[in-house]
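Enquirer: I am sharing data.txt, which consists of compact mmCIF, C-alpha atoms:
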```txt
# COMPACT_ATOMS: atom_id res chain seq x y z
CA MET C 207 -66.87 12.56 51.65
CA THR C 208 -65.69 10.29 48.86
CA GLY C 209 -62.50 8.32 49.58
CA TYR C 210 -59.51 8.33 47.21
CA THR C 211 -57.26 5.37 46.49
CA VAL C 212 -53.85 5.20 44.85
CA PRO C 213 -53.99 3.14 41.62
CA THR C 214 -51.80 0.09 41.44
CA ALA C 215 -49.52 -0.87 38.56
CA ASN C 216 -52.22 -3.16 37.17
CA ASP C 217 -54.69 -0.30 37.09
CA ILE C 218 -52.46 1.89 34.92
CA TYR C 219 -52.63 1.25 31.21
CA VAL C 220 -49.38 1.85 29.28
CA PRO C 221 -49.89 3.63 25.94
CA GLU C 222 -49.54 1.38 22.90
CA THR C 223 -46.93 3.67 21.34
CA LEU C 224 -44.71 3.36 24.41
CA LEU C 225 -44.99 -0.43 24.34
CA LYS C 226 -43.99 -0.47 20.67
CA LYS C 227 -41.07 1.83 21.38
CA ARG C 228 -39.86 -0.40 24.23
CA LYS C 229 -40.11 -3.48 22.04
CA THR C 230 -38.21 -1.79 19.19
CA THR C 231 -35.49 -0.57 21.56
CA GLU C 232 -35.05 -4.01 23.10
CA LYS C 233 -34.88 -5.64 19.67
CA ALA C 234 -32.29 -3.12 18.45
CA ALA C 235 -30.19 -3.61 21.60
CA ALA C 236 -30.27 -7.38 21.17
CA THR C 237 -29.29 -7.11 17.48
CA LEU C 238 -26.45 -4.75 18.34
CA ALA C 239 -25.16 -7.06 21.05
CA LEU C 240 -25.27 -10.02 18.63
CA GLN C 241 -23.42 -8.06 15.95
CA LYS C 242 -20.80 -6.99 18.48
CA THR C 243 -20.26 -10.58 19.56
CA GLN C 244 -20.02 -11.79 15.97
CA LYS C 245 -17.55 -9.01 15.13
CA GLN C 246 -15.34 -9.92 18.08
CA VAL C 247 -15.31 -13.56 16.98
CA GLN C 248 -14.52 -12.52 13.38
CA LEU C 249 -11.71 -10.19 14.48
CA LYS C 250 -10.16 -12.94 16.57
CA SER C 251 -10.34 -15.32 13.62
CA ASP C 252 -8.85 -12.69 11.28
CA ARG C 253 -5.99 -12.04 13.69
CA ASN C 254 -5.05 -15.70 13.66
CA ILE C 255 -5.18 -15.79 9.85
CA ILE C 256 -3.12 -12.58 9.56
CA PHE C 257 -0.50 -13.92 11.95
CA LYS C 258 -0.16 -17.15 9.95
CA LYS C 259 0.04 -15.23 6.66
CA ALA C 260 2.72 -12.88 7.98
CA ASP C 261 4.75 -15.85 9.20
CA ALA C 262 4.41 -17.57 5.81
CA TYR C 263 5.51 -14.40 3.99
CA ILE C 264 8.59 -14.10 6.20
CA GLN C 265 9.52 -17.69 5.39
CA GLU C 266 8.99 -16.99 1.67
CA TYR C 267 11.20 -13.88 1.73
CA ARG C 268 13.96 -15.70 3.62
CA GLN C 269 13.79 -18.62 1.20
CA ARG C 270 14.13 -16.24 -1.73
CA GLU C 271 17.22 -14.62 -0.19
CA ASP C 272 18.74 -18.02 0.60
CA ASP C 273 18.16 -19.24 -2.97
CA GLU C 274 19.81 -16.15 -4.44
CA CYS C 275 22.77 -16.47 -2.09
CA ARG C 276 23.13 -20.16 -2.99
CA LEU C 277 23.05 -19.42 -6.74
CA ARG C 278 25.69 -16.70 -6.33
CA ARG C 279 27.92 -19.07 -4.40
CA GLN C 280 27.51 -21.85 -6.98
CA SER C 281 28.33 -19.48 -9.83
CA LYS C 282 31.46 -18.25 -8.04
CA ASN C 283 32.63 -21.79 -7.31
CA ASN C 284 32.16 -22.75 -10.97
CA GLY C 285 34.03 -19.67 -12.21
CA GLN C 286 30.88 -18.17 -13.70
CA PHE C 287 28.94 -14.95 -13.25
CA TYR C 288 25.54 -14.88 -11.59
CA VAL C 289 23.00 -12.79 -13.48
CA PRO C 290 19.96 -12.05 -11.29
CA PRO C 291 16.52 -12.22 -12.92
CA GLU C 292 15.18 -9.04 -14.45
CA ALA C 293 13.22 -6.92 -11.98
CA LYS C 294 9.44 -6.95 -12.34
CA LEU C 295 8.75 -3.92 -10.16
CA LEU C 296 9.89 -0.29 -10.23
CA PHE C 297 9.38 2.60 -7.87
CA VAL C 298 9.08 5.86 -9.82
CA VAL C 299 9.54 9.30 -8.20
CA ARG C 300 8.77 12.59 -9.90
CA ILE C 301 11.67 15.04 -9.51
CA LYS C 302 10.57 18.04 -11.63
CA GLY C 303 7.57 20.38 -11.49
CA VAL C 304 5.03 21.48 -14.09
CA ASN C 305 6.86 24.33 -15.82
CA GLY C 306 7.62 23.85 -19.53
CA LEU C 307 6.15 20.37 -19.85
CA HIS C 308 5.29 18.98 -23.27
CA PRO C 309 1.64 17.84 -23.47
CA LYS C 310 2.73 14.28 -24.23
CA VAL C 311 5.00 14.21 -21.18
CA ASN C 312 2.25 15.70 -19.05
CA LYS C 313 -0.19 13.02 -20.24
CA VAL C 314 2.21 10.19 -19.41
CA LEU C 315 2.82 11.64 -15.94
CA GLN C 316 -0.96 11.72 -15.43
CA LEU C 317 -1.23 8.07 -16.49
CA PHE C 318 1.41 7.21 -13.91
CA ARG C 319 -0.51 9.35 -11.37
CA LEU C 320 2.59 11.48 -10.77
CA LEU C 321 0.75 14.78 -10.48
CA GLN C 322 3.01 16.55 -7.98
CA LEU C 323 6.69 16.95 -7.22
CA ASN C 324 8.11 14.11 -5.05
CA ASN C 325 5.13 11.85 -5.79
CA GLY C 326 6.03 8.16 -5.96
CA VAL C 327 4.24 5.11 -7.37
CA PHE C 328 4.90 1.41 -7.91
CA VAL C 329 5.00 0.38 -11.58
CA ARG C 330 4.97 -3.10 -13.09
CA ILE C 331 7.61 -3.52 -15.81
CA ASN C 332 6.32 -4.42 -19.26
CA LYS C 333 6.81 -3.20 -22.82
CA ALA C 334 4.29 -0.36 -22.48
CA THR C 335 5.66 1.01 -19.21
CA LYS C 336 9.25 0.87 -20.52
CA GLU C 337 8.30 3.00 -23.52
CA MET C 338 6.37 5.45 -21.32
CA LEU C 339 9.32 5.75 -18.93
CA GLN C 340 11.56 6.71 -21.85
CA ILE C 341 9.21 9.63 -22.61
CA ILE C 342 9.27 11.02 -19.05
CA GLU C 343 12.82 10.00 -18.14
CA PRO C 344 14.16 13.59 -17.61
CA TYR C 345 11.35 14.27 -15.12
CA VAL C 346 11.48 11.13 -12.96
CA THR C 347 13.94 8.81 -11.29
CA TYR C 348 13.27 5.13 -10.75
CA GLY C 349 14.68 1.75 -9.86
CA PRO C 350 13.72 -1.66 -8.43
CA PRO C 351 12.78 -1.35 -4.73
CA ASN C 352 13.77 -3.92 -2.16
CA LEU C 353 11.48 -5.39 0.48
CA LYS C 354 12.54 -2.88 3.14
CA THR C 355 11.67 0.06 0.90
CA VAL C 356 8.28 -1.36 -0.06
CA ARG C 357 7.36 -2.11 3.54
CA GLU C 358 8.52 1.22 4.98
CA VAL C 359 6.84 3.31 2.29
CA ILE C 360 3.50 1.56 2.67
CA TYR C 361 3.56 1.58 6.47
CA LYS C 362 4.64 5.22 6.82
CA ARG C 363 3.24 6.94 3.70
CA GLY C 364 0.45 4.55 2.80
CA TYR C 365 -2.98 6.02 2.03
CA VAL C 366 -5.86 4.41 0.16
CA LYS C 367 -8.40 5.71 -2.33
CA VAL C 368 -12.02 5.18 -1.25
CA LYS C 369 -14.72 6.89 -3.34
CA GLY C 370 -12.21 9.47 -4.52
CA GLN C 371 -11.09 10.29 -0.99
CA ARG C 372 -7.57 9.91 0.45
CA LEU C 373 -7.84 7.91 3.66
CA PRO C 374 -5.07 6.67 5.97
CA ILE C 375 -4.59 2.95 6.55
CA HIS C 376 -5.56 3.02 10.21
CA ASP C 377 -6.45 -0.67 10.44
CA ASN C 378 -6.86 -3.82 8.36
CA GLU C 379 -10.66 -3.50 8.17
CA ILE C 380 -10.53 -0.90 5.39
CA ILE C 381 -8.30 -3.23 3.36
CA LYS C 382 -10.57 -6.21 3.91
CA GLN C 383 -13.67 -4.27 2.88
CA HIS C 384 -12.28 -3.27 -0.51
CA LEU C 385 -9.76 -6.02 -1.34
CA GLY C 386 -11.20 -8.97 0.58
CA LYS C 387 -12.71 -10.40 -2.61
CA TYR C 388 -9.15 -10.93 -3.88
CA GLY C 389 -8.06 -12.69 -0.68
CA ILE C 390 -6.21 -9.58 0.57
CA ILE C 391 -7.28 -8.79 4.13
CA CYS C 392 -4.31 -7.06 5.79
CA ILE C 393 -1.43 -4.71 5.10
CA GLU C 394 1.04 -7.59 4.92
CA ASP C 395 -1.04 -8.98 2.03
CA VAL C 396 -0.74 -5.60 0.31
CA ILE C 397 3.04 -5.55 0.77
CA HIS C 398 3.37 -9.11 -0.51
CA GLU C 399 1.18 -8.44 -3.56
CA ILE C 400 3.18 -5.32 -4.47
CA TYR C 401 6.64 -6.77 -3.84
CA THR C 402 6.00 -10.04 -5.71
CA VAL C 403 3.88 -8.36 -8.44
CA GLY C 404 1.07 -10.84 -7.87
CA ASP C 405 -2.06 -11.59 -9.87
CA HIS C 406 -3.97 -8.69 -8.30
CA PHE C 407 -1.16 -6.14 -8.47
CA LYS C 408 -3.24 -3.76 -10.59
CA GLN C 409 -6.18 -3.68 -8.16
CA VAL C 410 -3.92 -3.25 -5.11
CA ASN C 411 -1.78 -0.57 -6.73
CA ASN C 412 -4.83 1.42 -7.85
CA PHE C 413 -6.25 1.14 -4.33
CA LEU C 414 -3.11 2.81 -2.95
CA TRP C 415 -2.94 6.59 -3.27
CA PRO C 416 0.29 7.91 -4.86
CA PHE C 417 2.89 8.34 -2.14
CA LYS C 418 3.68 11.92 -1.12
CA LEU C 419 7.35 11.91 -0.19
CA SER C 420 9.49 14.62 1.38
CA ASN C 421 12.70 16.08 -0.02
CA PRO C 422 15.78 13.95 0.68
CA SER C 423 17.16 14.28 4.19
CA GLY C 424 20.23 16.17 2.92
CA HIS C 425 22.87 13.46 3.26
CA LYS C 426 25.43 13.86 0.47
CA LYS C 427 24.80 10.31 -0.77
CA ALA C 428 21.01 10.72 -0.97
CA SER C 429 20.34 14.40 -1.69
CA TRP C 430 19.42 16.11 -4.95
CA ARG C 431 22.32 16.98 -7.22
CA PRO C 432 22.74 20.48 -8.74
CA ARG C 433 21.39 19.43 -12.16
CA LYS C 434 18.48 17.12 -11.48
CA ALA C 435 17.35 16.81 -15.12
CA THR C 436 20.71 15.29 -16.13
CA HIS C 437 20.78 11.51 -16.18
CA TYR C 438 21.93 9.79 -13.00
CA VAL C 439 24.97 8.18 -14.62
CA GLU C 440 26.06 11.62 -15.88
CA GLY C 441 26.00 13.24 -12.46
CA GLY C 442 22.30 14.19 -12.26
CA ASP C 443 19.23 12.58 -10.73
CA ALA C 444 16.93 11.66 -13.62
CA GLY C 445 16.42 8.24 -15.14
CA ASP C 446 17.23 4.74 -13.97
CA ARG C 447 19.41 4.63 -10.86
CA GLU C 448 18.88 0.89 -10.32
CA PHE C 449 19.22 -0.21 -6.68
CA ASP C 450 20.31 3.26 -5.52
CA ILE C 451 16.59 4.11 -5.57
CA ASN C 452 16.32 2.39 -2.18
CA ARG C 453 18.74 4.79 -0.51
CA LEU C 454 16.97 7.79 -2.06
CA VAL C 455 13.42 6.69 -1.13
CA GLN C 456 14.42 5.81 2.43
CA SER C 457 15.87 9.31 2.82
CA MET C 458 12.64 10.81 1.44
CA ASN C 459 10.33 8.66 3.55
```
If you convert what's in this file into structure tokens, what do you get?
Expert:
Amino acid sequence: MTGYTVPTANDIYVPETLLKKRKTTEKAAATLALQKTQKQVQLKSDRNIIFKKADAYIQEYRQREDDECRLRRQSKNNGQFYVPPEAKLLFVVRIKGVNGLHPKVNKVLQLFRLLQLNNGVFVRINKATKEMLQIIEPYVTYGPPNLKTVREVIYKRGYVKVKGQRLPIHDNEIIKQHLGKYGIICIEDVIHEIYTVGDHFKQVNNFLWPFKLSNPSGHKKASWRPRKATHYVEGGDAGDREFDINRLVQSMN
């Protein structure tokens, strides 16, 4: 009777395909672990940079407020009037729908990306935008936003446009991927670029999806008036309402 023996590990030949698969899996795992480590290091570095930038922006905003307060005080002491510099930024809100629109008005609203009722966008003031605002004045209301309005709107209603899709700003990575080449890597950079109308305002503003606001909260000082198409100074809501735009937008946010 022939005896049988159990083969040892050295006697068993592993198929070549299995060896290749093991090697590929180990290589992929090592690459993934390296990428994860590098990403953690990069995120830590980015957090430090973002913290320093945010602190610098706060100092800049406070310095701007202090300078304006100082100029007002000097003017008052000298018996003069302080005239603040002309605003460079407007926040425009559409207040009327699509019924009975002239094609020219409709085209200007499309250029401003105000396609729906209660849509809002940031607009840089120049000769062209002033003339376009005169065309659509009965259908929109606008004014210069303050820092609080800009920050709250972007944080609460901020969405970005990526390949034609409307995506929420869930972290700073999506901002860094698309605006990092301009030195904009976090949401505080976006707020600063919009509020100060920086060199890359156009790119940042186009990256932001038009803001979809709600109807005003109903407070008598920030709700729609009976005749919205009438100019604001005549008892309506349309046209330039100057700094009262902040109260309206904060009630719609």
Enquirer: What's around Ile397 in chain C at 8 Å? Count all atoms listed in the file, leave out sequence neighbours fewer than 4 positions away in its own chain, and write the answer as a ChimeraX atom specification.
Expert: /C:356-357,360,393,401
Enquirer: Quick one: pull the distance between CA of Asn254 in chain C and CA of Val359 in chain C, Å, one decimal.
Expert: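 According to the coordinates, CA of Asn254 in chain C and CA of Val359 in chain C are separated by 25.1 Å.
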Enquirer: Could you list, as number ranges by chain, every residue within 8 Å of Arg433 in chain C, counting all atoms listed in the file and ignoring same-chain residues fewer than 2 positions away?
Expert: C: 431, 435-436, 441-443
Enquirer: The residues within 10 Å of (-1.1, 2.6, -15.0), using only C-alpha atoms and the coordinates of the file, should be reported as a PDB file with C-alpha atoms, keeping the file's coordinate frame; which are they?
Expert:
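As a result, part_24.pdb now contains:
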```pdb
ATOM      1  CA  VAL C 314       2.210  10.190 -19.410  1.00  0.00           C
ATOM      2  CA  LEU C 315       2.820  11.640 -15.940  1.00  0.00           C
ATOM      3  CA  GLN C 316      -0.960  11.720 -15.430  1.00  0.00           C
ATOM      4  CA  LEU C 317      -1.230   8.070 -16.490  1.00  0.00           C
ATOM      5  CA  PHE C 318       1.410   7.210 -13.910  1.00  0.00           C
ATOM      6  CA  ARG C 319      -0.510   9.350 -11.370  1.00  0.00           C
ATOM      7  CA  VAL C 327       4.240   5.110  -7.370  1.00  0.00           C
ATOM      8  CA  PHE C 328       4.900   1.410  -7.910  1.00  0.00           C
ATOM      9  CA  VAL C 329       5.000   0.380 -11.580  1.00  0.00           C
ATOM     10  CA  ARG C 330       4.970  -3.100 -13.090  1.00  0.00           C
ATOM     11  CA  ALA C 334       4.290  -0.360 -22.480  1.00  0.00           C
ATOM     12  CA  THR C 335       5.660   1.010 -19.210  1.00  0.00           C
ATOM     13  CA  LYS C 408      -3.240  -3.760 -10.590  1.00  0.00           C
ATOM     14  CA  ASN C 411      -1.780  -0.570  -6.730  1.00  0.00           C
ATOM     15  CA  ASN C 412      -4.830   1.420  -7.850  1.00  0.00           C
TER      16      ASN C 412
END
```
Enquirer: What does the distance between CA of Pro422 in chain C and CA of Ile264 in chain C come to in Å, to one decimal place?
Expert: 29.5 Å
Enquirer: Rounded to one decimal, what separation in Å do you get between CA of Ile391 in chain C and CA of Gly349 in chain C?
Expert: 28.1 Å
Enquirer: With only C-alpha atoms as the basis for distance, which of C:Val299, C:Leu225, C:Ile342, C:Leu238 is at the shortest distance from Asn421 in chain C?
Expert: C:Val299
Enquirer: Which residues, written as a list in words, have at least one atom at most 10 Å from Ile381 in chain C, with all atoms listed in the file counted and residues fewer than 4 positions away on the same chain left out?
Expert: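 The residues that qualify are Val366, Ile375, His376, Asp377, Leu385, Gly386, Ile390, Ile391, Cys392, Ile393, Asp395, Val396, Val410 and Phe413 of chain C.
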Enquirer: Given the point (9.9, -3.4, -13.9) in the file's coordinates, find the residues that have an atom at most 12 Å from it, counting all atoms listed in the file, and give them as a PyMOL selection string.
Expert: chain C and resi 291-298+328-337+339+348-351+400-403+446+448
Enquirer: Can you write out the residues you just picked, keeping C-alpha atoms, as a JSON list (two decimals), in the frame of the given file?
Expert:
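out.json written:
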```
[["chain", "number", "residue", "atom", "x", "y", "z"],
["C", 291, "PRO", "CA", 16.52, -12.22, -12.92],
["C", 292, "GLU", "CA", 15.18, -9.04, -14.45],
["C", 293, "ALA", "CA", 13.22, -6.92, -11.98],
["C", 294, "LYS", "CA", 9.44, -6.95, -12.34],
["C", 295, "LEU", "CA", 8.75, -3.92, -10.16],
["C", 296, "LEU", "CA", 9.89, -0.29, -10.23],
["C", 297, "PHE", "CA", 9.38, 2.60, -7.87],
["C", 298, "VAL", "CA", 9.08, 5.86, -9.82],
["C", 328, "PHE", "CA", 4.90, 1.41, -7.91],
["C", 329, "VAL", "CA", 5.00, 0.38, -11.58],
["C", 330, "ARG", "CA", 4.97, -3.10, -13.09],
["C", 331, "ILE", "CA", 7.61, -3.52, -15.81],
["C", 332, "ASN", "CA", 6.32, -4.42, -19.26],
["C", 333, "LYS", "CA", 6.81, -3.20, -22.82],
["C", 334, "ALA", "CA", 4.29, -0.36, -22.48],
["C", 335, "THR", "CA", 5.66, 1.01, -19.21],
["C", 336, "LYS", "CA", 9.25, 0.87, -20.52],
["C", 337, "GLU", "CA", 8.30, 3.00, -23.52],
["C", 339, "LEU", "CA", 9.32, 5.75, -18.93],
["C", 348, "TYR", "CA", 13.27, 5.13, -10.75],
["C", 349, "GLY", "CA", 14.68, 1.75, -9.86],
["C", 350, "PRO", "CA", 13.72, -1.66, -8.43],
["C", 351, "PRO", "CA", 12.78, -1.35, -4.73],
["C", 400, "ILE", "CA", 3.18, -5.32, -4.47],
["C", 401, "TYR", "CA", 6.64, -6.77, -3.84],
["C", 402, "THR", "CA", 6.00, -10.04, -5.71],
["C", 403, "VAL", "CA", 3.88, -8.36, -8.44],
["C", 446, "ASP", "CA", 17.23, 4.74, -13.97],
["C", 448, "GLU", "CA", 18.88, 0.89, -10.32]]
```
Enquirer: Rank nothing, just name the residue among C:Gln371, C:Thr347, C:Gln409, C:Asn378 nearest to Tyr438 in chain C, using all atoms listed in the file.
Expert: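 Once distances to Tyr438 in chain C are computed over all atoms listed in the file, the minimum belongs to C:Thr347.
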Enquirer: Let me make sure I understand: among C:Asn459, C:Arg447, C:Gly404, C:Asp272, which one has the smallest atom-to-atom distance to Lys362 in chain C if we use all atoms listed in the file?
Expert: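 Using all atoms listed in the file, Lys362 in chain C sits closest to C:Asn459.
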Enquirer: Can you work out which one of C:Gly326, C:Pro416, C:Gly445, C:Pro432 has the shortest atom-to-atom distance to Glu343 in chain C, counting all atoms listed in the file?
Expert: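 The closest residue to Glu343 in chain C is C:Gly445.
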Enquirer: Which one of C:Val289, C:Gly389, C:Lys434, C:Lys367 sits closest to Asp252 in chain C if you count only C-alpha atoms?
Expert: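 The shortest atom-to-atom distance to Asp252 in chain C comes from C:Gly389.
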Enquirer: Env of Arg278 in chain C: 6 Å cut, atoms = only C-alpha atoms, seq-sep filter 3 positions within chain, self excluded. Answer as an MDAnalysis selection string.
Expert: chainID C and resid 275 281 288
Enquirer: Give me the box for range 384-398 of chain C as JSON, namely the centre and edge lengths in Å to one decimal of a box along x, y and z that holds every listed atom plus 8 Å on each side.
Expert:
```
{"center_x": -4.7, "center_y": -8.0, "center_z": 1.0, "size_x": 32.1, "size_y": 25.4, "size_z": 25.7}
```
